[in-house]
file target-v2.tsv (TSV, C-alpha atoms)
chain	number	residue	atom	x	y	z
A	1	PRO	CA	23.49	-13.04	-18.18
A	2	ARG	CA	23.45	-14.62	-14.73
A	3	HIS	CA	21.34	-17.72	-13.98
A	4	ASP	CA	19.36	-18.44	-10.84
A	5	PRO	CA	19.44	-21.90	-9.20
A	6	ALA	CA	16.24	-22.90	-11.04
A	7	GLY	CA	18.04	-22.41	-14.36
A	8	PHE	CA	16.30	-19.21	-15.49
A	9	SER	CA	18.35	-16.51	-17.21
A	10	LEU	CA	18.43	-13.28	-15.22
A	11	PRO	CA	18.57	-9.82	-16.80
A	12	SER	CA	21.71	-7.85	-16.07
A	13	LEU	CA	21.75	-5.13	-13.42
A	14	ALA	CA	21.15	-1.67	-14.88
A	15	THR	CA	24.05	0.80	-14.90
A	16	ILE	CA	22.05	3.60	-13.27
A	17	ARG	CA	20.47	2.51	-9.99
A	18	MET	CA	18.57	3.69	-6.98
A	19	SER	CA	19.49	1.81	-3.83
A	20	VAL	CA	18.74	1.78	-0.13
A	21	VAL	CA	21.02	0.38	2.55
A	22	ARG	CA	20.21	-0.24	6.19
A	23	VAL	CA	22.32	1.97	8.44
A	24	LEU	CA	20.86	2.38	11.94
A	25	ALA	CA	17.87	1.91	14.19
A	26	ALA	CA	15.01	4.35	13.69
A	27	ALA	CA	15.74	7.60	15.49
A	28	VAL	CA	12.18	7.96	16.85
A	29	PRO	CA	9.43	5.43	17.59
A	30	LEU	CA	7.15	5.41	14.55
A	31	VAL	CA	4.38	3.19	15.92
A	32	THR	CA	2.48	6.26	17.10
A	33	GLY	CA	2.17	7.54	13.52
A	34	PHE	CA	-1.41	7.80	12.18
A	35	GLY	CA	-2.75	6.97	15.64
A	36	ALA	CA	-1.28	3.47	15.80
A	37	VAL	CA	-0.85	2.09	19.30
A	38	ALA	CA	1.45	-0.76	20.24
A	39	SER	CA	-0.03	-3.09	22.85
A	40	ALA	CA	1.86	-5.15	25.40
A	41	GLN	CA	1.35	-8.19	23.15
A	42	SER	CA	2.90	-6.53	20.10
A	43	ALA	CA	6.46	-7.17	18.98
A	44	VAL	CA	8.70	-5.04	16.78
A	45	VAL	CA	10.03	-7.32	14.03
A	46	ASP	CA	12.03	-4.64	12.20
A	47	GLU	CA	12.90	-1.00	12.89
A	48	ALA	CA	15.62	0.93	11.10
A	49	THR	CA	16.62	3.82	8.89
A	50	LEU	CA	17.50	3.26	5.24
A	51	ILE	CA	19.81	5.58	3.33
A	52	VAL	CA	18.47	6.21	-0.18
A	53	THR	CA	21.13	6.70	-2.86
A	54	ARG	CA	21.19	7.34	-6.60
A	55	ASN	CA	24.36	6.35	-8.45
A	56	GLY	CA	25.98	5.99	-5.02
A	57	ALA	CA	25.17	9.53	-3.84
A	58	PRO	CA	22.84	9.89	-0.79
A	59	ILE	CA	19.57	11.68	-1.64
A	60	GLY	CA	17.35	10.94	1.38
A	61	ARG	CA	16.41	8.74	4.33
A	62	GLU	CA	13.53	6.42	5.11
A	63	SER	CA	12.78	5.42	8.72
A	64	PHE	CA	10.31	2.67	9.52
A	65	THR	CA	8.91	0.33	12.15
A	66	ILE	CA	7.18	-3.00	11.47
A	67	ILE	CA	5.14	-4.52	14.28
A	68	ARG	CA	3.60	-7.99	14.60
A	69	ALA	CA	0.48	-8.19	16.78
A	70	PRO	CA	-2.43	-10.55	17.47
A	71	GLY	CA	-5.42	-10.04	15.18
A	72	PRO	CA	-8.92	-11.49	14.76
A	73	GLY	CA	-7.71	-14.15	12.32
A	74	GLY	CA	-4.18	-14.62	13.67
A	75	GLN	CA	-1.00	-12.55	13.58
A	76	VAL	CA	-1.08	-9.26	11.67
A	77	PHE	CA	1.63	-6.78	10.68
A	78	ARG	CA	1.63	-2.98	10.82
A	79	ALA	CA	4.36	-1.09	8.94
A	80	VAL	CA	4.79	2.65	9.52
A	81	GLY	CA	7.32	4.70	7.58
A	82	ILE	CA	8.43	8.29	6.97
A	83	ARG	CA	10.80	9.53	4.31
A	84	GLY	CA	12.41	12.81	3.35
A	85	LEU	CA	13.63	13.32	-0.20
A	86	GLY	CA	14.58	16.90	-1.03
A	87	GLU	CA	11.57	19.15	-0.41
A	88	GLU	CA	9.16	16.24	-0.40
A	89	SER	CA	8.08	14.10	2.54
A	90	MET	CA	6.28	10.76	2.43
A	91	SER	CA	4.47	9.00	5.25
A	92	SER	CA	2.75	5.63	5.09
A	93	ILE	CA	1.08	2.99	7.20
A	94	LEU	CA	0.36	-0.49	5.88
A	95	ALA	CA	-1.52	-3.25	7.70
A	96	THR	CA	-1.29	-6.82	6.38
A	97	ASP	CA	-2.44	-10.27	7.38
A	98	SER	CA	0.01	-12.97	8.46
A	99	SER	CA	0.88	-13.80	4.82
A	100	GLY	CA	1.75	-10.18	3.98
A	101	ALA	CA	-1.43	-9.51	1.95
A	102	PRO	CA	-2.68	-5.91	2.41
A	103	VAL	CA	-5.59	-5.21	4.74
A	104	SER	CA	-5.43	-1.40	4.89
A	105	TYR	CA	-3.15	1.35	3.62
A	106	GLU	CA	-2.68	5.09	4.02
A	107	PHE	CA	-0.09	7.27	2.31
A	108	ARG	CA	0.59	11.01	2.17
A	109	LEU	CA	2.99	12.92	-0.07
A	110	THR	CA	3.62	16.50	1.05
A	111	ARG	CA	5.78	19.39	-0.08
A	112	GLY	CA	6.25	22.45	2.11
A	113	GLY	CA	3.42	21.27	4.36
A	114	GLU	CA	0.97	20.97	1.46
A	115	VAL	CA	-0.56	17.55	0.77
A	116	LEU	CA	0.06	16.67	-2.87
A	117	GLN	CA	-1.29	13.13	-2.78
A	118	HIS	CA	-3.37	11.12	-0.31
A	119	VAL	CA	-3.95	7.38	-0.78
A	120	GLN	CA	-6.38	5.21	1.19
A	121	GLY	CA	-6.78	1.47	0.74
A	122	ARG	CA	-9.17	-0.99	2.36
A	123	GLY	CA	-9.37	-4.76	1.98
A	124	ARG	CA	-12.21	-7.23	2.06
A	125	PRO	CA	-12.26	-10.93	1.12
A	126	ASP	CA	-10.41	-11.34	-2.21
A	127	ARG	CA	-10.48	-7.59	-2.98
A	128	PHE	CA	-8.48	-4.45	-2.16
A	129	SER	CA	-9.99	-1.03	-2.95
A	130	VAL	CA	-7.82	2.10	-3.36
A	131	LEU	CA	-8.76	5.79	-3.51
A	132	VAL	CA	-6.05	8.21	-4.72
A	133	GLN	CA	-6.68	11.92	-4.13
A	134	THR	CA	-4.58	14.75	-5.59
A	135	LYS	CA	-5.02	18.50	-6.07
A	136	THR	CA	-6.59	17.86	-9.48
A	137	GLY	CA	-9.08	15.18	-8.50
A	138	GLU	CA	-9.41	11.59	-7.35
A	139	ALA	CA	-9.40	8.09	-8.80
A	140	ALA	CA	-10.62	4.79	-7.40
A	141	ARG	CA	-9.60	1.25	-8.34
A	142	GLU	CA	-10.23	-2.24	-7.04
A	143	TYR	CA	-7.66	-5.06	-7.16
A	144	VAL	CA	-8.15	-8.82	-6.95
A	145	LEU	CA	-6.29	-10.35	-3.99
A	146	LYS	CA	-4.91	-13.78	-4.83
A	147	PRO	CA	-2.40	-15.84	-2.83
A	148	GLY	CA	1.00	-14.22	-3.16
A	149	ALA	CA	-0.28	-10.63	-3.39
A	150	VAL	CA	1.63	-7.85	-1.64
A	151	LEU	CA	1.33	-4.04	-1.68
A	152	LEU	CA	4.56	-2.43	-2.85
A	153	ASP	CA	4.18	1.31	-3.35
A	154	ASP	CA	6.62	3.11	-5.63
A	155	ASP	CA	9.58	4.56	-3.70
A	156	VAL	CA	8.49	3.09	-0.31
A	157	PHE	CA	11.34	0.69	0.28
A	158	HIS	CA	10.59	-0.88	3.68
A	159	GLN	CA	7.55	-2.62	2.16
A	160	PHE	CA	9.96	-5.05	0.46
A	161	PHE	CA	9.92	-6.78	3.87
A	162	PHE	CA	6.65	-8.47	2.83
A	163	VAL	CA	7.83	-9.81	-0.54
A	164	ALA	CA	9.49	-13.02	0.64
A	165	ARG	CA	6.68	-13.61	3.15
A	166	ALA	CA	3.92	-13.26	0.55
A	167	ALA	CA	5.57	-15.13	-2.32
A	168	VAL	CA	3.97	-18.34	-3.54
A	169	GLY	CA	6.69	-20.54	-4.98
A	170	SER	CA	8.70	-18.48	-7.46
A	171	GLU	CA	6.06	-15.77	-8.02
A	172	VAL	CA	4.73	-12.72	-6.22
A	173	THR	CA	1.91	-10.35	-7.28
A	174	ILE	CA	2.60	-6.65	-6.72
A	175	ILE	CA	-0.07	-4.00	-6.16
A	176	SER	CA	1.28	-0.46	-6.71
A	177	PRO	CA	-1.59	1.82	-5.62
A	178	ARG	CA	-0.19	5.22	-6.65
A	179	THR	CA	0.54	4.09	-10.20
A	180	ALA	CA	-2.57	1.87	-10.44
A	181	ARG	CA	-0.61	-1.24	-11.39
A	182	GLN	CA	-1.01	-4.89	-10.54
A	183	GLU	CA	1.56	-7.26	-11.96
A	184	ARG	CA	2.94	-10.73	-11.38
A	185	LEU	CA	6.71	-10.93	-10.94
A	186	ARG	CA	9.07	-13.86	-10.99
A	187	LEU	CA	11.02	-14.22	-7.76
A	188	ALA	CA	14.47	-15.74	-8.16
A	189	GLU	CA	16.24	-17.13	-5.10
A	190	LEU	CA	19.96	-16.42	-5.53
A	191	GLY	CA	21.20	-17.89	-2.26
A	192	ASN	CA	23.34	-16.30	0.44
A	193	GLU	CA	26.17	-13.90	-0.32
A	194	PRO	CA	28.26	-11.37	1.64
A	195	ILE	CA	27.35	-7.68	1.56
A	196	GLU	CA	28.67	-4.69	3.51
A	197	VAL	CA	26.31	-2.85	5.90
A	198	ARG	CA	27.58	-0.07	8.22
A	199	GLY	CA	31.12	-1.21	7.63
A	200	GLN	CA	30.30	-4.80	8.59
A	201	ARG	CA	30.45	-7.73	6.20
A	202	LEU	CA	27.26	-9.76	6.60
A	203	SER	CA	25.79	-12.85	5.00
A	204	ALA	CA	22.51	-11.97	3.25
A	205	ARG	CA	19.77	-13.85	1.43
A	206	HIS	CA	19.62	-12.46	-2.12
A	207	LEU	CA	16.32	-12.34	-4.03
A	208	ALA	CA	15.67	-10.89	-7.49
A	209	MET	CA	12.23	-9.77	-8.67
A	210	ILE	CA	11.80	-9.69	-12.45
A	211	ASP	CA	8.76	-8.26	-14.25
A	212	SER	CA	7.47	-9.07	-17.74
A	213	SER	CA	9.64	-6.34	-19.31
A	214	GLY	CA	12.79	-7.77	-17.72
A	215	MET	CA	13.18	-4.97	-15.17
A	216	ARG	CA	14.91	-6.36	-12.11
A	217	ARG	CA	14.73	-5.34	-8.45
A	218	ASP	CA	17.20	-6.92	-6.04
A	219	LEU	CA	16.61	-7.48	-2.35
A	220	TRP	CA	18.97	-8.63	0.41
A	221	LEU	CA	17.61	-9.89	3.76
A	222	ASP	CA	19.22	-11.10	6.96
A	223	SER	CA	18.43	-14.45	8.59
A	224	LEU	CA	15.38	-12.93	10.34
A	225	GLY	CA	13.93	-11.56	7.10
A	226	ARG	CA	14.90	-7.94	7.85
A	227	ILE	CA	15.84	-5.60	5.01
A	228	LEU	CA	19.58	-5.03	4.56
A	229	LYS	CA	19.64	-3.59	1.04
A	230	VAL	CA	17.35	-2.92	-1.95
A	231	SER	CA	18.53	-2.02	-5.45
A	232	ILE	CA	16.29	-1.10	-8.42
A	233	PRO	CA	16.75	0.48	-11.87
A	234	ASP	CA	16.51	4.25	-11.65
A	235	LYS	CA	13.27	5.52	-13.15
A	236	SER	CA	14.48	9.03	-14.01

call {"tool": "encode", "arguments": {"input": "target-v2.tsv", "output": "structure tokens"}}
result
Amino acid sequence: PRHDPAGFSLPSLATIRMSVVRVLAAAVPLVTGFGAVASAQSAVVDEATLIVTRNGAPIGRESFTIIRAPGPGGQVFRAVGIRGLGEESMSSILATDSSGAPVSYEFRLTRGGEVLQHVQGRGRPDRFSVLVQTKTGEAAREYVLKPGAVLLDDDVFHQFFFVARAAVGSEVTIISPRTARQERLRLAELGNEPIEVRGQRLSARHLAMIDSSGMRRDLWLDSLGRILKVSIPDKS
């Protein structure tokens, strides 16, 4: 097994993987999604399209825009994304505070124009409440927000942008609203290494997130904290 600089043993990368790689700027402005409006004081901190692959074969695309804007308590972020994967389409909008902790969330999963799942999340001091609605009913859950908490929905890859920002030391707490999970993960800093993006060889900051079962998710960022690549064990 590989070791991180802190001396911890890292689990090996799984043979079967799902990955996303940054390929180009978003084809359309996404800040208008869900009624979001970008003011003159807002700044786009990341905007791109990610190619989603399984075992190296492309299976879909995810386009996103992340905006930083002034808020009541300081800078806030707003991340809007859309994704097509076969017959299914996902759309999401996440608002966070300056540390990356979730403030509000909305997600829709549709197939053939029919809404299969609708998620709404709202934050208040030290708490984040989620309502998940499907064709068969609804479920509500409340999560405790502690320093280092970040919302990371299953299969929504651009939200990895907030992991490094929210981490406290070598740990980050993940809230996964659609699977009703909250877990603390170890965050291993693996230094800079070269990766290939759009045919270019770039230097990237490599982070590994490891949960209690040993499952590992790898994340590569550029010097501005923008997503270059994400790789996770395939869940199929």

call {"tool": "closest_residue", "arguments": {"input": "target-v2.tsv", "among": "A:Ile175, A:Asp218, A:Arg22, A:Gly121", "to": "Gln200 of chain A", "atoms": "all atoms listed in the file"}}
result
A:Arg22

call {"tool": "closest_residue", "arguments": {"input": "target-v2.tsv", "among": "A:Ser98, A:Thr65, A:Thr53, A:Thr134", "to": "Leu85 of chain A", "atoms": "all atoms listed in the file"}}
result
A:Thr53

call {"tool": "atom_distance", "arguments": {"input": "target-v2.tsv", "atom1": "atom CA of Asp222 of chain A", "atom2": "atom CA of Pro102 of chain A"}}
result
23.0 Å

call {"tool": "residues_around", "arguments": {"input": "target-v2.tsv", "residues": "segment 205-213 of chain A", "least_positions_apart": "4", "cutoff": "6 Å", "atoms": "all atoms listed in the file", "output": "mmCIF file with C-alpha atoms, keeping the file's coordinate frame"}}
result
data_model
loop_
_atom_site.group_PDB
_atom_site.id
_atom_site.type_symbol
_atom_site.label_atom_id
_atom_site.label_comp_id
_atom_site.auth_asym_id
_atom_site.auth_seq_id
_atom_site.Cartn_x
_atom_site.Cartn_y
_atom_site.Cartn_z
ATOM 1 C CA LEU A 185 6.710 -10.930 -10.940
ATOM 2 C CA ARG A 186 9.070 -13.860 -10.990
ATOM 3 C CA LEU A 187 11.020 -14.220 -7.760
ATOM 4 C CA ALA A 188 14.470 -15.740 -8.160
ATOM 5 C CA GLU A 189 16.240 -17.130 -5.100
ATOM 6 C CA LEU A 190 19.960 -16.420 -5.530
ATOM 7 C CA GLY A 191 21.200 -17.890 -2.260
ATOM 8 C CA ASN A 192 23.340 -16.300 0.440
ATOM 9 C CA ARG A 217 14.730 -5.340 -8.450
ATOM 10 C CA ASP A 218 17.200 -6.920 -6.040
ATOM 11 C CA LEU A 219 16.610 -7.480 -2.350
ATOM 12 C CA TRP A 220 18.970 -8.630 0.410
ATOM 13 C CA LEU A 221 17.610 -9.890 3.760
#

call {"tool": "atom_distance", "arguments": {"input": "target-v2.tsv", "atom1": "atom CA of Arg83 of chain A", "atom2": "atom CA of Leu109 of chain A"}}
result
9.6 Å

call {"tool": "atom_distance", "arguments": {"input": "target-v2.tsv", "atom1": "atom CA of Gly123 of chain A", "atom2": "atom CA of Met90 of chain A"}}
result
22.0 Å

call {"tool": "residues_near_point", "arguments": {"input": "target-v2.tsv", "point": "(7.8, -13.6, -2.9)", "cutoff": "9 Å", "atoms": "all atoms listed in the file", "output": "ChimeraX atom specification"}}
result
/A:148-150,162-173,185-188,207,209

call {"tool": "residues_around", "arguments": {"input": "target-v2.tsv", "residues": "Leu94 of chain A", "least_positions_apart": "4", "cutoff": "12 Å", "atoms": "all atoms listed in the file", "output": "VMD selection string"}}
result
chain A and resid 31 33 to 34 36 64 to 68 76 to 82 100 to 107 119 to 123 150 to 153 156 158 to 162 177

call {"tool": "axis_aligned_box", "arguments": {"input": "target-v2.tsv", "around": "segment 152-159 of chain A", "padding_each_side": "3 Å", "output": "JSON"}}
result
{"center_x": 7.8, "center_y": 1.0, "center_z": -1.0, "size_x": 13.2, "size_y": 13.2, "size_z": 15.3}

call {"tool": "closest_residue", "arguments": {"input": "target-v2.tsv", "among": "A:Arg198, A:Val130, A:Lys135, A:Pro233", "to": "Val115 of chain A", "atoms": "only C-alpha atoms"}}
result
A:Lys135

call {"tool": "closest_residue", "arguments": {"input": "target-v2.tsv", "among": "A:Ala180, A:Val132, A:Ala139, A:Val21", "to": "Gly60 of chain A", "atoms": "only C-alpha atoms"}}
result
A:Val21

call {"tool": "residues_around", "arguments": {"input": "target-v2.tsv", "residues": "Ile195 of chain A", "least_positions_apart": "2", "cutoff": "9 Å", "atoms": "only C-alpha atoms", "output": "PyMOL selection string"}}
result
chain A and resi 193+197+200-204+220+228-229

call {"tool": "closest_residue", "arguments": {"input": "target-v2.tsv", "among": "A:Gly74, A:Ala43, A:Arg178, A:Met18", "to": "Ala57 of chain A", "atoms": "only C-alpha atoms"}}
result
A:Met18

call {"tool": "closest_residue", "arguments": {"input": "target-v2.tsv", "among": "A:Arg61, A:Gly137, A:Ser89, A:Ser42", "to": "Val23 of chain A", "atoms": "all atoms listed in the file"}}
result
A:Arg61
